[in-house]
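Source file: query-v8.cif. Holds: mmCIF, C-alpha atoms and all ligand atoms.
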```cif
data_upload
#
loop_
_atom_site.label_atom_id
_atom_site.label_comp_id
_atom_site.auth_asym_id
_atom_site.auth_seq_id
_atom_site.Cartn_x
_atom_site.Cartn_y
_atom_site.Cartn_z
CA MET A 21 -28.52 -17.87 13.41
CA ILE A 22 -26.32 -14.86 12.69
CA TRP A 23 -26.22 -13.91 16.36
CA ASN A 24 -25.37 -17.46 17.38
CA ALA A 25 -22.65 -17.66 14.74
CA ARG A 26 -21.11 -14.46 16.12
CA ASN A 27 -21.27 -15.96 19.61
CA ALA A 28 -19.45 -19.05 18.40
CA LEU A 29 -16.69 -16.86 16.93
CA GLY A 30 -16.28 -14.86 20.13
CA MET A 31 -17.42 -11.65 18.40
CA THR A 32 -19.98 -10.67 21.00
CA GLU A 33 -17.82 -9.70 23.95
CA PHE A 34 -16.07 -6.43 24.70
CA ILE A 35 -12.45 -6.99 25.69
CA PRO A 36 -10.09 -4.74 27.66
CA ALA A 37 -7.98 -2.65 25.27
CA GLY A 38 -4.83 -4.08 26.84
CA ASP A 39 -5.78 -7.54 25.57
CA ILE A 40 -6.16 -6.47 21.93
CA ASP A 41 -3.85 -8.64 19.88
CA GLU A 42 -2.33 -6.34 17.24
CA ASN A 43 0.03 -8.94 15.88
CA THR A 44 1.87 -6.40 13.70
CA GLU A 45 4.88 -7.56 11.71
CA TYR A 46 7.35 -5.23 10.02
CA ILE A 47 8.92 -5.34 6.57
CA THR A 48 12.15 -3.47 5.97
CA THR A 49 12.22 -0.83 3.23
CA GLY A 50 15.97 -1.30 2.78
CA SER A 51 16.54 2.17 4.25
CA SER A 52 17.02 2.44 8.02
CA GLU A 53 15.91 6.08 7.97
CA LEU A 54 12.69 5.28 6.13
CA ASN A 55 12.06 2.32 8.46
CA ARG A 56 12.35 4.74 11.34
CA ILE A 57 9.95 7.25 9.77
CA LEU A 58 7.44 4.43 9.27
CA GLY A 59 7.79 3.32 12.89
CA GLY A 60 9.80 0.17 12.14
CA GLY A 61 9.06 -0.50 8.46
CA PHE A 62 5.99 -1.36 6.42
CA GLN A 63 3.44 -2.88 8.73
CA THR A 64 1.11 -5.81 8.30
CA GLY A 65 -2.53 -5.27 9.19
CA LYS A 66 -2.37 -1.72 7.78
CA LEU A 67 -3.06 -0.04 4.49
CA THR A 68 -0.09 2.15 3.66
CA GLU A 69 -0.52 4.84 1.04
CA VAL A 70 2.52 6.37 -0.63
CA TYR A 71 1.72 9.51 -2.55
CA GLY A 72 3.81 11.99 -4.44
CA PRO A 73 4.19 13.62 -7.85
CA PHE A 74 5.01 11.76 -11.06
CA LYS A 75 8.59 10.39 -11.00
CA SER A 76 9.03 10.76 -7.25
CA GLY A 77 9.93 7.08 -6.77
CA LYS A 78 6.61 5.48 -5.75
CA THR A 79 6.89 2.58 -8.19
CA ASN A 80 10.52 2.09 -7.23
CA LEU A 81 9.55 1.78 -3.58
CA ALA A 82 6.77 -0.69 -4.47
CA HIS A 83 9.32 -2.83 -6.35
CA THR A 84 11.68 -2.69 -3.38
CA ILE A 85 9.07 -3.87 -0.87
CA ALA A 86 8.00 -6.63 -3.28
CA VAL A 87 11.56 -7.94 -2.90
CA THR A 88 12.31 -7.20 0.77
CA ILE A 89 9.18 -9.02 1.97
CA GLN A 90 10.75 -12.17 0.54
CA LEU A 91 13.77 -11.87 2.83
CA PRO A 92 13.79 -14.22 5.81
CA LYS A 93 12.45 -12.81 9.09
CA SER A 94 15.99 -12.52 10.46
CA LYS A 95 16.78 -10.04 7.66
CA GLY A 96 13.65 -7.92 7.94
CA GLY A 97 11.24 -9.71 5.61
CA LEU A 98 8.43 -12.21 6.08
CA GLY A 99 9.64 -14.85 3.62
CA SER A 100 6.40 -14.55 1.70
CA ALA A 101 4.96 -13.93 -1.75
CA VAL A 102 3.46 -10.77 -3.30
CA ALA A 103 0.46 -9.82 -5.43
CA TYR A 104 1.30 -6.88 -7.70
CA ILE A 105 -1.66 -5.04 -9.20
CA ASP A 106 -0.22 -2.90 -11.97
CA THR A 107 -2.56 -0.31 -13.45
CA GLU A 108 0.05 1.79 -15.24
CA ASN A 109 2.11 -0.93 -16.92
CA THR A 110 5.23 0.19 -15.06
CA PHE A 111 6.20 -3.14 -13.48
CA SER A 112 9.75 -4.05 -14.52
CA LYS A 113 11.34 -7.48 -14.21
CA GLU A 114 14.75 -5.89 -14.75
CA LYS A 115 14.25 -3.57 -11.80
CA ILE A 116 13.21 -6.52 -9.60
CA LYS A 117 16.33 -8.44 -10.63
CA HIS A 118 18.57 -5.50 -9.69
CA ILE A 119 16.89 -5.10 -6.32
CA ALA A 120 17.03 -8.86 -5.64
CA LYS A 121 20.80 -8.82 -6.21
CA ARG A 122 21.16 -5.88 -3.83
CA PHE A 123 19.58 -7.97 -1.07
CA GLY A 124 21.53 -11.12 -1.95
CA LEU A 125 18.49 -13.01 -3.26
CA VAL A 126 18.28 -15.17 -6.40
CA PRO A 127 16.49 -13.00 -9.03
CA LYS A 128 14.67 -15.90 -10.68
CA LYS A 129 13.30 -17.12 -7.37
CA VAL A 130 12.22 -13.61 -6.39
CA LEU A 131 10.34 -13.17 -9.68
CA SER A 132 8.59 -16.51 -9.16
CA GLN A 133 7.15 -15.20 -5.87
CA ILE A 134 5.67 -12.02 -7.37
CA TYR A 135 2.21 -12.65 -8.85
CA HIS A 136 1.63 -9.82 -11.29
CA ALA A 137 -1.61 -8.64 -12.91
CA ARG A 138 -1.75 -5.96 -15.57
CA ILE A 139 -5.01 -4.08 -15.07
CA TYR A 140 -7.08 -2.49 -17.84
CA SER A 141 -10.14 -0.97 -16.15
CA SER A 142 -11.37 -0.02 -12.71
CA ASP A 143 -13.80 -2.94 -12.74
CA HIS A 144 -10.94 -5.29 -13.59
CA GLN A 145 -8.93 -3.74 -10.73
CA SER A 146 -11.73 -4.49 -8.30
CA GLN A 147 -12.00 -8.07 -9.60
CA MET A 148 -8.28 -8.71 -9.19
CA ILE A 149 -8.25 -7.26 -5.67
CA GLN A 150 -10.80 -9.93 -4.77
CA LYS A 151 -8.81 -12.55 -6.63
CA ALA A 152 -5.73 -11.61 -4.61
CA GLU A 153 -7.43 -13.15 -1.59
CA THR A 154 -7.03 -16.63 -3.12
CA LEU A 155 -3.26 -16.04 -3.23
CA CYS A 156 -3.32 -15.45 0.52
CA LYS A 157 -4.91 -18.85 0.98
CA THR A 158 -2.86 -20.85 -1.49
CA ARG A 159 0.52 -19.10 -1.94
CA ASN A 160 1.51 -17.67 1.44
CA MET A 161 1.01 -14.19 0.02
CA ARG A 162 1.41 -11.40 2.62
CA LEU A 163 1.72 -8.24 0.52
CA ILE A 164 -0.62 -6.66 -2.00
CA VAL A 165 0.73 -3.76 -4.04
CA VAL A 166 -1.71 -1.56 -5.94
CA ASP A 167 0.32 0.73 -8.21
CA SER A 168 -1.53 2.98 -8.65
CA LEU A 169 -4.85 3.07 -6.84
CA MET A 170 -6.52 5.91 -8.73
CA ALA A 171 -5.03 6.00 -12.25
CA LEU A 172 -7.90 4.14 -13.95
CA LEU A 173 -10.63 5.70 -11.85
CA ARG A 174 -9.37 9.11 -12.85
CA ALA A 175 -9.66 8.22 -16.50
CA GLU A 176 -13.09 6.62 -16.19
CA TYR A 177 -14.87 8.90 -13.73
CA VAL A 178 -14.37 12.35 -15.15
CA GLY A 179 -15.77 15.58 -13.75
CA ILE A 180 -17.46 16.63 -10.56
CA GLY A 181 -20.74 14.92 -11.57
CA MET A 182 -19.04 11.50 -11.34
CA LEU A 183 -17.32 12.22 -8.03
CA ALA A 184 -19.86 10.52 -5.76
CA ARG A 185 -19.84 7.32 -7.83
CA ARG A 186 -16.04 7.37 -8.03
CA GLN A 187 -15.67 7.72 -4.26
CA SER A 188 -18.20 4.98 -3.64
CA PHE A 189 -16.27 2.64 -5.96
CA LEU A 190 -13.04 3.61 -4.23
CA ASN A 191 -14.55 2.92 -0.81
CA ASN A 192 -15.64 -0.54 -1.95
CA MET A 193 -12.10 -1.35 -3.08
CA ILE A 194 -10.59 -0.03 0.16
CA HIS A 195 -13.02 -2.11 2.21
CA ALA A 196 -12.30 -5.25 0.18
CA LEU A 197 -8.58 -4.69 0.84
CA SER A 198 -9.24 -4.02 4.52
CA ARG A 199 -11.10 -7.31 4.89
CA ILE A 200 -8.20 -9.19 3.30
CA LEU A 201 -5.58 -7.56 5.48
CA GLU A 202 -7.58 -8.24 8.61
CA THR A 203 -8.19 -11.88 7.74
CA TYR A 204 -4.65 -12.74 6.65
CA ASN A 205 -2.60 -10.07 8.46
CA CYS A 206 -1.20 -8.86 5.12
CA ALA A 207 0.58 -5.62 4.32
CA ILE A 208 -1.02 -3.46 1.65
CA LEU A 209 0.85 -0.79 -0.28
CA LEU A 210 -1.16 1.69 -2.33
CA THR A 211 0.48 4.31 -4.49
CA ASN A 212 -1.27 7.48 -5.49
CA GLN A 213 -0.26 10.47 -7.53
CA VAL A 214 -0.84 13.97 -6.25
CA SER A 215 -2.54 16.72 -8.15
CA THR A 216 -2.31 20.41 -7.54
CA LYS A 217 -5.38 21.99 -6.03
CA MET A 218 -5.82 25.41 -7.60
CA MET A 219 -6.81 27.77 -4.84
CA GLY A 220 -5.06 31.01 -5.76
CA MET A 221 -2.07 31.72 -3.55
CA PHE A 222 -2.99 28.74 -1.31
CA SER A 223 -2.57 26.12 -4.07
CA GLY A 224 -1.08 22.88 -2.81
CA ASN A 225 -0.56 19.23 -3.65
CA ASP A 226 -3.14 16.72 -2.55
CA ALA A 227 -3.53 12.99 -3.10
CA ILE A 228 -6.08 12.13 -5.75
CA GLY A 229 -9.29 10.73 -4.31
CA GLY A 230 -7.87 11.41 -0.91
CA ASN A 231 -10.95 12.92 0.63
CA SER A 232 -12.87 9.76 1.35
CA ASP A 233 -9.84 7.95 2.78
CA LYS A 234 -8.79 10.85 4.90
CA ILE A 235 -11.06 9.51 7.63
CA PHE A 236 -8.66 6.61 8.14
CA HIS A 237 -5.47 8.55 7.64
CA GLN A 238 -3.06 9.41 10.33
CA SER A 239 -0.49 11.66 8.77
CA LEU A 240 3.02 10.79 9.83
CA LEU A 241 4.01 14.39 9.31
CA ASN A 242 1.75 15.51 12.12
CA ARG A 243 3.33 13.22 14.68
CA SER A 244 5.81 15.12 16.74
CA PRO A 245 8.67 12.53 16.89
CA TRP A 246 9.03 12.77 13.13
CA LEU A 247 8.72 16.51 12.75
CA PRO A 248 12.44 16.99 12.04
CA PHE A 249 11.97 14.77 8.99
CA GLN A 250 9.18 16.86 7.57
CA SER A 251 11.46 18.89 5.34
CA TYR A 252 13.46 15.78 4.40
CA VAL A 253 10.32 13.99 3.27
CA GLN A 254 8.98 17.06 1.50
CA ASP A 255 12.29 17.59 -0.33
CA LYS A 256 12.04 14.05 -1.64
CA GLY A 257 8.51 14.86 -2.76
CA VAL A 258 7.08 11.64 -1.29
CA LEU A 259 4.66 11.47 1.58
CA PHE A 260 3.78 8.38 3.56
CA GLU A 261 0.63 7.71 5.42
CA GLN A 262 -0.23 4.60 7.34
CA PHE A 263 -3.77 4.08 8.37
CA ALA A 264 -5.52 1.27 10.08
CA GLU A 265 -9.00 0.24 9.16
CA ALA A 266 -11.35 2.26 11.33
N1 LIG B 301 15.71 5.40 -4.78
C1 LIG B 301 16.01 5.70 -6.03
N2 LIG B 301 17.29 5.83 -6.44
C2 LIG B 301 17.58 6.13 -7.71
N3 LIG B 301 16.66 6.34 -8.69
C3 LIG B 301 15.39 6.22 -8.36
C4 LIG B 301 14.98 5.90 -7.02
N4 LIG B 301 13.63 5.86 -7.00
C5 LIG B 301 13.22 6.12 -8.25
N5 LIG B 301 14.27 6.34 -9.06
C6 LIG B 301 14.19 6.67 -10.50
O1 LIG B 301 13.29 7.76 -10.68
C7 LIG B 301 12.44 7.52 -11.79
C8 LIG B 301 11.00 7.58 -11.38
O2 LIG B 301 10.73 6.61 -10.42
P1 LIG B 301 9.32 5.90 -10.30
O3 LIG B 301 9.45 4.96 -9.14
O4 LIG B 301 8.90 5.30 -11.60
O5 LIG B 301 8.38 7.12 -9.94
P2 LIG B 301 6.78 7.24 -9.79
O6 LIG B 301 6.22 5.86 -9.69
O7 LIG B 301 6.61 8.02 -8.51
O8 LIG B 301 6.28 8.00 -10.96
C9 LIG B 301 12.82 6.15 -12.36
O9 LIG B 301 13.61 6.35 -13.49
C10 LIG B 301 13.57 5.49 -11.25
O10 LIG B 301 14.53 4.60 -11.75
MG MG B 302 4.79 4.90 -10.84
#
```
Kindly return the structure encoded in the file as structure tokens.
Amino acid sequence: MIWNARNALGMTEFIPAGDIDENTEYITTGSSELNRILGGGFQTGKLTEVYGPFKSGKTNLAHTIAVTIQLPKSKGGLGSAVAYIDTENTFSKEKIKHIAKRFGLVPKKVLSQIYHARIYSSDHQSQMIQKAETLCKTRNMRLIVVDSLMALLRAEYVGIGMLARRQSFLNNMIHALSRILETYNCAILLTNQVSTKMMGMFSGNDAIGGNSDKIFHQSLLNRSPWLPFQSYVQDKGVLFEQFAEA
């Protein structure tokens, strides 16, 4: 039955790579330079992780995209709603209103299109990620923001002994998000704080929980067309990575 069902859905044929329908849509960040670094803006069908130190502007960027996605297509948005999964209680209506005015949108209407959930535990986070799927079906929702991805997991899974369980939980969340973005061609924005890895004189900043996701990552900084921006991006202290589901 399963094999026949796959047949009926056309899942059992190899197709030439040229015929793959990527169907990517772009959402403006409000900054032409950042759009360029991201290859045209935030992309649908991709998980985009923004990571940087505390106070580097990750939440601000998440607020901005939550507004710009509501712009009409002619102005760089998708005219759609947003699910905002807020694990750090840093969502601000005031900030949204300011950003809405900047883009010439009516603040009250913009707020009515952002479906916000304050999250209290990692299990709750996982539940609300699944719940976000219903918004895709019923509310024309095309963007899920998770700000931040790891904050609660860090607090709940402490120490090296918990690492395997933490990464497995993280993988489950990432796969749930991947399924949603593939089904509904959504954009997904994850924020993540960096921590310093203490390795003597080679200490450096790394995204928390980054190891398991690294498989999917394609660092923008390693792509040659953007190399001149490496120092610009590093000065700002924010790194961007876009990765498609493998
Ligand atoms: N593009 C920006 N222009 C001006 N101020 C900004 C900008 N981005 C962030 N800020 C300010 O920097 C501070 C930290 O930003 P926030 O987005 O909360 O950082 P993070 O989420 O990375 O900790 C806030 O007070 C915010 O208003
Ligand atoms: Mg923040």
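Take CA of Thr44 (chain A) and CA of Gly61 (chain A): the distance between them is 10.7 Å.
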Protein, DNA and RNA residues within 10 Å of (-1.1, -10.7, 0.2), all atoms listed in the file, as a PyMOL selection string: chain A and resi 64+100-104+135+149+152-157+159-165+197+200-201+204-208
Selected residues, C-alpha atoms, written as a CSV table (one decimal), in the coordinates of the input, please.
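As written to disk, selection.csv reads:
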```csv
chain,number,residue,atom,x,y,z
A,64,THR,CA,1.1,-5.8,8.3
A,100,SER,CA,6.4,-14.6,1.7
A,101,ALA,CA,5.0,-13.9,-1.8
A,102,VAL,CA,3.5,-10.8,-3.3
A,103,ALA,CA,0.5,-9.8,-5.4
A,104,TYR,CA,1.3,-6.9,-7.7
A,135,TYR,CA,2.2,-12.6,-8.8
A,149,ILE,CA,-8.2,-7.3,-5.7
A,152,ALA,CA,-5.7,-11.6,-4.6
A,153,GLU,CA,-7.4,-13.2,-1.6
A,154,THR,CA,-7.0,-16.6,-3.1
A,155,LEU,CA,-3.3,-16.0,-3.2
A,156,CYS,CA,-3.3,-15.4,0.5
A,157,LYS,CA,-4.9,-18.8,1.0
A,159,ARG,CA,0.5,-19.1,-1.9
A,160,ASN,CA,1.5,-17.7,1.4
A,161,MET,CA,1.0,-14.2,0.0
A,162,ARG,CA,1.4,-11.4,2.6
A,163,LEU,CA,1.7,-8.2,0.5
A,164,ILE,CA,-0.6,-6.7,-2.0
A,165,VAL,CA,0.7,-3.8,-4.0
A,197,LEU,CA,-8.6,-4.7,0.8
A,200,ILE,CA,-8.2,-9.2,3.3
A,201,LEU,CA,-5.6,-7.6,5.5
A,204,TYR,CA,-4.6,-12.7,6.6
A,205,ASN,CA,-2.6,-10.1,8.5
A,206,CYS,CA,-1.2,-8.9,5.1
A,207,ALA,CA,0.6,-5.6,4.3
A,208,ILE,CA,-1.0,-3.5,1.6
```
Gap from CA of Ser76 (chain A) to atom C7 of ligand LIG 301 (chain B) - Å, one decimal: 6.5 Å
Test item: residues no farther than 9 Å from ligand MG 302 (chain B), counting all atoms listed in the file, as a list of chain:residue names: A:Phe74, A:Lys75, A:Ser76, A:Gly77, A:Lys78, A:Thr79, A:Asn80, A:Ala82, A:Glu108, A:Asn109, A:Thr110, A:Phe111, A:Asp167, A:Ser168, A:Thr211, A:Asn212, A:Gln213
Assuming 8 Å of padding per side, give the centre and edge lengths of the axis-aligned box around every listed atom of ligand LIG 301 (chain B), in Å to one decimal and as JSON.
```
{"center_x": 11.9, "center_y": 6.3, "center_z": -9.1, "size_x": 27.4, "size_y": 19.4, "size_z": 24.7}
```
For CA of Glu45 (chain A) and CA of Leu125 (chain A), the interatomic separation in Å (one decimal):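 CA of Leu125 (chain A) lies 21.0 Å from CA of Glu45 (chain A).
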Top pick for closest residue to ligand LIG 301 (chain B), considering A:His136, A:Arg185, A:Arg199, A:His118 and counting all atoms listed in the file: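 With all atoms listed in the file as the atom set, the closest residue is A:His118.
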Point (-12.0, 0.3, -3.2), cut-off 12 Å, counting all atoms listed in the file, residues as number ranges by chain: A: 67, 142-150, 166, 169-170, 173, 185-199, 210, 229, 232-233
List the spatial neighbours of Ser94 (chain A) as an mmCIF file with C-alpha atoms, in the frame of the given file - criterion: any atom at most 12 Å away, only C-alpha atoms, same-chain residues fewer than 5 positions off excluded.
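This went into out35.cif:
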```cif
data_model
loop_
_atom_site.group_PDB
_atom_site.id
_atom_site.type_symbol
_atom_site.label_atom_id
_atom_site.label_comp_id
_atom_site.auth_asym_id
_atom_site.auth_seq_id
_atom_site.Cartn_x
_atom_site.Cartn_y
_atom_site.Cartn_z
ATOM 1 C CA TYR A 46 7.350 -5.230 10.020
ATOM 2 C CA ILE A 47 8.920 -5.340 6.570
ATOM 3 C CA THR A 48 12.150 -3.470 5.970
ATOM 4 C CA THR A 88 12.310 -7.200 0.770
ATOM 5 C CA ILE A 89 9.180 -9.020 1.970
ATOM 6 C CA GLY A 99 9.640 -14.850 3.620
#
```
Given all atoms listed in the file as the counted atoms, nearest of A:Thr203, A:Gly38, A:Ile134, A:Val126 to Gly65 (chain A):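 Going through A:Thr203, A:Gly38, A:Ile134, A:Val126 one by one, the smallest distance to Gly65 (chain A) is for A:Thr203.
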Closest of A:Leu58, A:Leu209, A:Ala184, A:Leu91 to Gly124 (chain A) - atom-to-atom distances counting all atoms listed in the file: A:Leu91
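With distances taken over all atoms listed in the file, A:Lys115 is the one residue among A:Lys95, A:Lys115, A:Arg138, A:Lys128 lying closest to ligand LIG 301 (chain B).
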Pick from A:Gln63, A:Thr49, A:Gln133, A:Asn55, whichever lies nearest to ligand LIG 301 (chain B) using all atoms listed in the file: A:Thr49
Residue nearest Ile116 (chain A) among A:Ser141, A:Thr68, A:Asn27, A:Gln90 (counting only C-alpha atoms):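 Smallest distance to Ile116 (chain A) is found for A:Gln90.
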